[in-house]
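First comes the structure, then the notes that go with it.
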Amino acid sequence: MLVSADGLLVTNGHIVDGADTIRAELPDGRVLDVTLLGIDSETDLAVLQAADGELPAVSLANPDRLRVGDVVLAIGNPFGLGQTVSLGIVSATGRTHLGIADIEHFIQTDAAINPGNSGGALIDAGGQLVGISTAILSESGGSEGVGFAIPVDIAMGVVEDIAAAGEVKRGWIGIGARSLT
């Protein structure tokens with residue numbers, strides 16, 4: 001997904017990890033050759049760069065305005081069908097402790113996120129990017145109404161760090177917290 005007019009793209013890291021060649025297809029049919037700038041394993045986000053300039057980037061939503069009950073659309077390519085759109089609502093924000101990634105602060109939605117939707121846009125009713133679809137919670141392997149997206153502010157922080165330095169550096173003091181019983 002294009003997040004800047006100068007060709008920066010973001011998707012899930014597991015989509016492009018180990019790829020020899022990566023191409024991105026735009027809705028108008030153009031196919032772009034892209035270069036992998038880096039993958040942040042902690043969030044499972046990959047940042048890529050297209051050589052073409054002046055590309056149609058998505059508008060970014062204000063993450064502080066996203067609320068439970070807001071209408072969202074999940075855009076992706078499930079089962080290789082091409083661009084699909086599914087409608088749902090935000091079921092939760094700040095969802096953690098799922099064991100999906102090291103850094104979790106997910107948007108939970110009932111918009112159908114099927115296999116192949118990973119790395120696709122989760123947009124609000126105004127067409128602005130609120131998150132990057134990343135995972136489903138399912139016993140069958142298909143959408144069962146529990147999907148998760150990485151919020152746009154976390155995704156854009158990763159994009160900025162990787163575009164500037166090739167990696168994301170986080171502080172770590174060597175301790176962790178947990179509840180005692």
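In the structure tokens, chains take the letters A, B, ... in the order shown, each chain's residues start at 1, and ligands count up from 1 in the order shown.
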
Name all residues at most 6 Å from Ile123 of chain A (count only C-alpha atoms; drop same-chain ones fewer than 6 positions away) and give them as a PDB file with N, CA, C and O atoms, in the first residue's frame.
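out_16.pdb, freshly written:
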ATOM      1  N   VAL A  72     -15.456   0.318   9.016  1.00  0.00           N
ATOM      2  CA  VAL A  72     -14.171   0.181   8.333  1.00  0.00           C
ATOM      3  C   VAL A  72     -14.317  -0.762   7.146  1.00  0.00           C
ATOM      4  O   VAL A  72     -15.237  -1.575   7.092  1.00  0.00           O
ATOM      5  N   LEU A  73     -13.395  -0.638   6.208  1.00  0.00           N
ATOM      6  CA  LEU A  73     -13.344  -1.494   5.027  1.00  0.00           C
ATOM      7  C   LEU A  73     -11.970  -2.151   4.967  1.00  0.00           C
ATOM      8  O   LEU A  73     -10.949  -1.472   5.094  1.00  0.00           O
ATOM      9  N   LEU A 129      -6.648   5.712   5.677  1.00  0.00           N
ATOM     10  CA  LEU A 129      -6.016   4.532   6.244  1.00  0.00           C
ATOM     11  C   LEU A 129      -6.028   4.594   7.765  1.00  0.00           C
ATOM     12  O   LEU A 129      -5.521   5.541   8.360  1.00  0.00           O
ATOM     13  N   VAL A 130      -6.600   3.555   8.398  1.00  0.00           N
ATOM     14  CA  VAL A 130      -6.566   3.447   9.855  1.00  0.00           C
ATOM     15  C   VAL A 130      -5.637   2.331  10.316  1.00  0.00           C
ATOM     16  O   VAL A 130      -5.184   2.326  11.447  1.00  0.00           O
TER      17      VAL A 130
END

May I have the residues within 8 Å of Ala51 of chain A as a ChimeraX atom specification, using only C-alpha atoms and disregarding those fewer than 3 positions away in the same chain? /A:7,32-34

Run DSSP on the backbone and tell me which residues of chain A come out as strand (DSSP E or B); list them as an mmCIF file with N, CA and C atoms, in the first residue's frame.
data_model
loop_
_atom_site.group_PDB
_atom_site.id
_atom_site.type_symbol
_atom_site.label_atom_id
_atom_site.label_comp_id
_atom_site.auth_asym_id
_atom_site.auth_seq_id
_atom_site.Cartn_x
_atom_site.Cartn_y
_atom_site.Cartn_z
ATOM 1 N N LEU A 2 0.607 2.138 -0.901
ATOM 2 C CA LEU A 2 1.404 3.360 -1.028
ATOM 3 C C LEU A 2 1.042 4.331 0.085
ATOM 4 N N LEU A 8 6.928 5.244 -1.145
ATOM 5 C CA LEU A 8 7.058 4.342 -0.001
ATOM 6 C C LEU A 8 5.802 3.484 0.128
ATOM 7 N N LEU A 9 6.019 2.192 0.303
ATOM 8 C CA LEU A 9 4.920 1.248 0.479
ATOM 9 C C LEU A 9 5.113 0.510 1.793
ATOM 10 N N VAL A 10 4.008 0.025 2.360
ATOM 11 C CA VAL A 10 4.071 -0.794 3.563
ATOM 12 C C VAL A 10 3.158 -2.000 3.375
ATOM 13 N N THR A 11 3.617 -3.135 3.860
ATOM 14 C CA THR A 11 2.845 -4.371 3.848
ATOM 15 C C THR A 11 3.324 -5.206 5.021
ATOM 16 N N ASN A 12 2.812 -6.397 5.155
ATOM 17 C CA ASN A 12 3.295 -7.291 6.210
ATOM 18 C C ASN A 12 4.618 -7.909 5.800
ATOM 19 N N ILE A 22 10.134 -8.259 -6.053
ATOM 20 C CA ILE A 22 8.860 -7.798 -5.517
ATOM 21 C C ILE A 22 8.280 -6.769 -6.478
ATOM 22 N N ARG A 23 7.009 -6.944 -6.787
ATOM 23 C CA ARG A 23 6.283 -5.982 -7.628
ATOM 24 C C ARG A 23 4.998 -5.616 -6.921
ATOM 25 N N ALA A 24 4.565 -4.387 -7.139
ATOM 26 C CA ALA A 24 3.298 -3.909 -6.576
ATOM 27 C C ALA A 24 2.407 -3.472 -7.720
ATOM 28 N N GLU A 25 1.159 -3.920 -7.706
ATOM 29 C CA GLU A 25 0.214 -3.537 -8.739
ATOM 30 C C GLU A 25 -0.724 -2.468 -8.195
ATOM 31 N N VAL A 31 2.158 -1.783 -12.897
ATOM 32 C CA VAL A 31 2.940 -2.672 -12.048
ATOM 33 C C VAL A 31 4.276 -1.999 -11.776
ATOM 34 N N LEU A 32 4.606 -1.874 -10.482
ATOM 35 C CA LEU A 32 5.828 -1.200 -10.077
ATOM 36 C C LEU A 32 6.842 -2.217 -9.570
ATOM 37 N N ASP A 33 8.088 -2.059 -9.990
ATOM 38 C CA ASP A 33 9.172 -2.805 -9.376
ATOM 39 C C ASP A 33 9.529 -2.068 -8.094
ATOM 40 N N VAL A 34 9.636 -2.793 -6.997
ATOM 41 C CA VAL A 34 9.927 -2.163 -5.720
ATOM 42 C C VAL A 34 11.124 -2.838 -5.062
ATOM 43 N N THR A 35 11.775 -2.085 -4.208
ATOM 44 C CA THR A 35 12.930 -2.564 -3.460
ATOM 45 C C THR A 35 12.548 -2.652 -1.991
ATOM 46 N N LEU A 36 12.911 -3.740 -1.366
ATOM 47 C CA LEU A 36 12.669 -3.916 0.059
ATOM 48 C C LEU A 36 13.687 -3.091 0.841
ATOM 49 N N LEU A 37 13.190 -2.144 1.630
ATOM 50 C CA LEU A 37 14.078 -1.325 2.458
ATOM 51 C C LEU A 37 14.357 -1.987 3.800
ATOM 52 N N GLY A 38 13.384 -2.746 4.294
ATOM 53 C CA GLY A 38 13.593 -3.429 5.568
ATOM 54 C C GLY A 38 12.315 -4.032 6.096
ATOM 55 N N ILE A 39 12.491 -4.994 7.013
ATOM 56 C CA ILE A 39 11.373 -5.643 7.690
ATOM 57 C C ILE A 39 11.563 -5.464 9.190
ATOM 58 N N ASP A 40 10.515 -5.043 9.859
ATOM 59 C CA ASP A 40 10.518 -4.942 11.309
ATOM 60 C C ASP A 40 9.822 -6.180 11.857
ATOM 61 N N LEU A 45 6.014 -5.760 9.900
ATOM 62 C CA LEU A 45 5.807 -4.787 8.830
ATOM 63 C C LEU A 45 7.046 -4.704 7.948
ATOM 64 N N ALA A 46 6.809 -4.569 6.644
ATOM 65 C CA ALA A 46 7.881 -4.390 5.667
ATOM 66 C C ALA A 46 7.685 -3.044 4.981
ATOM 67 N N VAL A 47 8.783 -2.375 4.730
ATOM 68 C CA VAL A 47 8.753 -1.094 4.034
ATOM 69 C C VAL A 47 9.493 -1.270 2.714
ATOM 70 N N LEU A 48 8.862 -0.792 1.649
ATOM 71 C CA LEU A 48 9.398 -0.938 0.299
ATOM 72 C C LEU A 48 9.448 0.424 -0.371
ATOM 73 N N GLN A 49 10.244 0.516 -1.441
ATOM 74 C CA GLN A 49 10.379 1.770 -2.190
ATOM 75 C C GLN A 49 10.193 1.492 -3.670
ATOM 76 N N ALA A 50 9.275 2.226 -4.285
ATOM 77 C CA ALA A 50 9.095 2.184 -5.730
ATOM 78 C C ALA A 50 9.916 3.303 -6.346
ATOM 79 N N LEU A 60 -3.951 9.362 5.368
ATOM 80 C CA LEU A 60 -3.805 8.743 6.677
ATOM 81 C C LEU A 60 -4.816 9.331 7.656
ATOM 82 N N VAL A 71 -17.265 2.344 11.252
ATOM 83 C CA VAL A 71 -17.308 1.513 10.050
ATOM 84 C C VAL A 71 -15.926 1.514 9.403
ATOM 85 N N VAL A 72 -15.456 0.318 9.016
ATOM 86 C CA VAL A 72 -14.171 0.181 8.333
ATOM 87 C C VAL A 72 -14.317 -0.762 7.146
ATOM 88 N N LEU A 73 -13.395 -0.638 6.208
ATOM 89 C CA LEU A 73 -13.344 -1.494 5.027
ATOM 90 C C LEU A 73 -11.970 -2.151 4.967
ATOM 91 N N ALA A 74 -11.954 -3.461 4.783
ATOM 92 C CA ALA A 74 -10.702 -4.200 4.624
ATOM 93 C C ALA A 74 -10.502 -4.461 3.136
ATOM 94 N N ILE A 75 -9.390 -3.985 2.608
ATOM 95 C CA ILE A 75 -9.070 -4.158 1.194
ATOM 96 C C ILE A 75 -7.926 -5.156 1.088
ATOM 97 N N GLY A 76 -8.058 -6.120 0.196
ATOM 98 C CA GLY A 76 -7.010 -7.114 0.068
ATOM 99 C C GLY A 76 -7.160 -7.955 -1.178
ATOM 100 N N THR A 84 -10.382 -6.953 -3.364
ATOM 101 C CA THR A 84 -11.698 -7.132 -2.763
ATOM 102 C C THR A 84 -11.852 -6.148 -1.618
ATOM 103 N N VAL A 85 -13.089 -5.879 -1.268
ATOM 104 C CA VAL A 85 -13.404 -4.968 -0.176
ATOM 105 C C VAL A 85 -14.456 -5.634 0.693
ATOM 106 N N SER A 86 -14.225 -5.654 1.996
ATOM 107 C CA SER A 86 -15.237 -6.159 2.920
ATOM 108 C C SER A 86 -15.522 -5.098 3.975
ATOM 109 N N LEU A 87 -16.758 -5.060 4.393
ATOM 110 C CA LEU A 87 -17.260 -4.045 5.314
ATOM 111 C C LEU A 87 -17.385 -4.619 6.712
ATOM 112 N N GLY A 88 -17.055 -3.828 7.710
ATOM 113 C CA GLY A 88 -17.232 -4.245 9.088
ATOM 114 C C GLY A 88 -17.170 -3.049 10.014
ATOM 115 N N ILE A 89 -17.060 -3.336 11.291
ATOM 116 C CA ILE A 89 -16.909 -2.283 12.286
ATOM 117 C C ILE A 89 -15.668 -2.558 13.121
ATOM 118 N N VAL A 90 -15.224 -1.532 13.815
ATOM 119 C CA VAL A 90 -14.145 -1.684 14.776
ATOM 120 C C VAL A 90 -14.750 -2.293 16.028
ATOM 121 N N SER A 91 -14.246 -3.452 16.424
ATOM 122 C CA SER A 91 -14.744 -4.147 17.606
ATOM 123 C C SER A 91 -13.952 -3.785 18.856
ATOM 124 N N ALA A 92 -12.683 -3.424 18.678
ATOM 125 C CA ALA A 92 -11.824 -3.042 19.803
ATOM 126 C C ALA A 92 -10.611 -2.305 19.267
ATOM 127 N N THR A 93 -10.030 -1.494 20.115
ATOM 128 C CA THR A 93 -8.744 -0.858 19.803
ATOM 129 C C THR A 93 -7.782 -1.217 20.931
ATOM 130 N N GLY A 94 -6.511 -1.194 20.629
ATOM 131 C CA GLY A 94 -5.506 -1.482 21.647
ATOM 132 C C GLY A 94 -5.495 -2.928 22.107
ATOM 133 N N ARG A 95 -5.922 -3.861 21.257
ATOM 134 C CA ARG A 95 -5.988 -5.281 21.626
ATOM 135 C C ARG A 95 -4.570 -5.839 21.763
ATOM 136 N N PHE A 106 -3.387 -3.886 18.564
ATOM 137 C CA PHE A 106 -4.169 -4.068 17.349
ATOM 138 C C PHE A 106 -5.541 -3.414 17.373
ATOM 139 N N ILE A 107 -5.999 -3.108 16.165
ATOM 140 C CA ILE A 107 -7.398 -2.783 15.929
ATOM 141 C C ILE A 107 -8.075 -4.115 15.644
ATOM 142 N N GLN A 108 -9.148 -4.404 16.348
ATOM 143 C CA GLN A 108 -9.924 -5.623 16.070
ATOM 144 C C GLN A 108 -11.151 -5.227 15.263
ATOM 145 N N THR A 109 -11.430 -6.001 14.209
ATOM 146 C CA THR A 109 -12.570 -5.708 13.352
ATOM 147 C C THR A 109 -13.277 -6.982 12.944
ATOM 148 N N ALA A 121 -5.014 -2.675 3.190
ATOM 149 C CA ALA A 121 -5.478 -1.499 3.917
ATOM 150 C C ALA A 121 -6.730 -1.791 4.723
ATOM 151 N N LEU A 122 -6.797 -1.219 5.900
ATOM 152 C CA LEU A 122 -8.038 -1.098 6.653
ATOM 153 C C LEU A 122 -8.332 0.389 6.664
ATOM 154 N N ILE A 123 -9.401 0.778 5.991
ATOM 155 C CA ILE A 123 -9.707 2.198 5.854
ATOM 156 C C ILE A 123 -11.022 2.528 6.542
ATOM 157 N N ASP A 124 -11.173 3.795 6.896
ATOM 158 C CA ASP A 124 -12.409 4.242 7.524
ATOM 159 C C ASP A 124 -13.426 4.626 6.449
ATOM 160 N N LEU A 129 -6.648 5.712 5.677
ATOM 161 C CA LEU A 129 -6.016 4.532 6.244
ATOM 162 C C LEU A 129 -6.028 4.594 7.765
ATOM 163 N N VAL A 130 -6.600 3.555 8.398
ATOM 164 C CA VAL A 130 -6.566 3.447 9.855
ATOM 165 C C VAL A 130 -5.637 2.331 10.316
ATOM 166 N N GLY A 131 -5.358 1.356 9.416
ATOM 167 C CA GLY A 131 -4.491 0.260 9.815
ATOM 168 C C GLY A 131 -4.084 -0.625 8.658
ATOM 169 N N ILE A 132 -3.185 -1.562 8.962
ATOM 170 C CA ILE A 132 -2.706 -2.558 8.010
ATOM 171 C C ILE A 132 -3.219 -3.909 8.490
ATOM 172 N N SER A 133 -4.071 -4.548 7.695
ATOM 173 C CA SER A 133 -4.607 -5.861 8.068
ATOM 174 C C SER A 133 -3.453 -6.829 8.230
ATOM 175 N N THR A 134 -3.485 -7.602 9.326
ATOM 176 C CA THR A 134 -2.329 -8.445 9.591
ATOM 177 C C THR A 134 -2.645 -9.865 10.002
ATOM 178 N N ALA A 135 -3.795 -10.121 10.627
ATOM 179 C CA ALA A 135 -4.036 -11.470 11.129
ATOM 180 C C ALA A 135 -5.516 -11.726 11.350
ATOM 181 N N ILE A 136 -5.847 -13.017 11.412
ATOM 182 C CA ILE A 136 -7.192 -13.442 11.762
ATOM 183 C C ILE A 136 -7.088 -14.417 12.928
ATOM 184 N N GLY A 147 -10.711 -10.194 13.098
ATOM 185 C CA GLY A 147 -9.505 -9.842 12.366
ATOM 186 C C GLY A 147 -8.769 -8.722 13.082
ATOM 187 N N PHE A 148 -7.485 -8.605 12.783
ATOM 188 C CA PHE A 148 -6.656 -7.628 13.475
ATOM 189 C C PHE A 148 -5.836 -6.817 12.478
ATOM 190 N N ALA A 149 -5.656 -5.535 12.801
ATOM 191 C CA ALA A 149 -4.870 -4.630 11.961
ATOM 192 C C ALA A 149 -3.919 -3.834 12.843
ATOM 193 N N ILE A 150 -2.772 -3.526 12.293
ATOM 194 C CA ILE A 150 -1.782 -2.683 12.967
ATOM 195 C C ILE A 150 -2.209 -1.239 12.765
ATOM 196 N N PRO A 151 -2.375 -0.462 13.825
ATOM 197 C CA PRO A 151 -2.817 0.927 13.689
ATOM 198 C C PRO A 151 -1.860 1.763 12.834
#

How would you write, as a PyMOL selection string, the set of residues in segment 23-112 of chain A that DSSP gives as helix (DSSP H, G or I)? chain A and resi 63-65+78-80

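Separating atom CA of Val68 of chain A from atom CA of Pro56 of chain A is a distance of 28.9 Å.
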
Ranking A:Pro78, A:Gly157, A:Gly174, A:Gly119 by minimum distance to Val16 of chain A and counting only C-alpha atoms, which one comes first? A:Gly119

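When only C-alpha atoms are used to measure the gap to Gly80 of chain A, the shortest distance among A:Gly116, A:Leu98, A:Val152, A:Gly127 belongs to A:Gly116.
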
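What separates atom CA of Ala61 of chain A from atom CA of Asp17 of chain A is a distance of 27.5 Å.
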
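Separating atom CA of Ala19 of chain A from atom CA of Leu55 of chain A is a distance of 23.3 Å.
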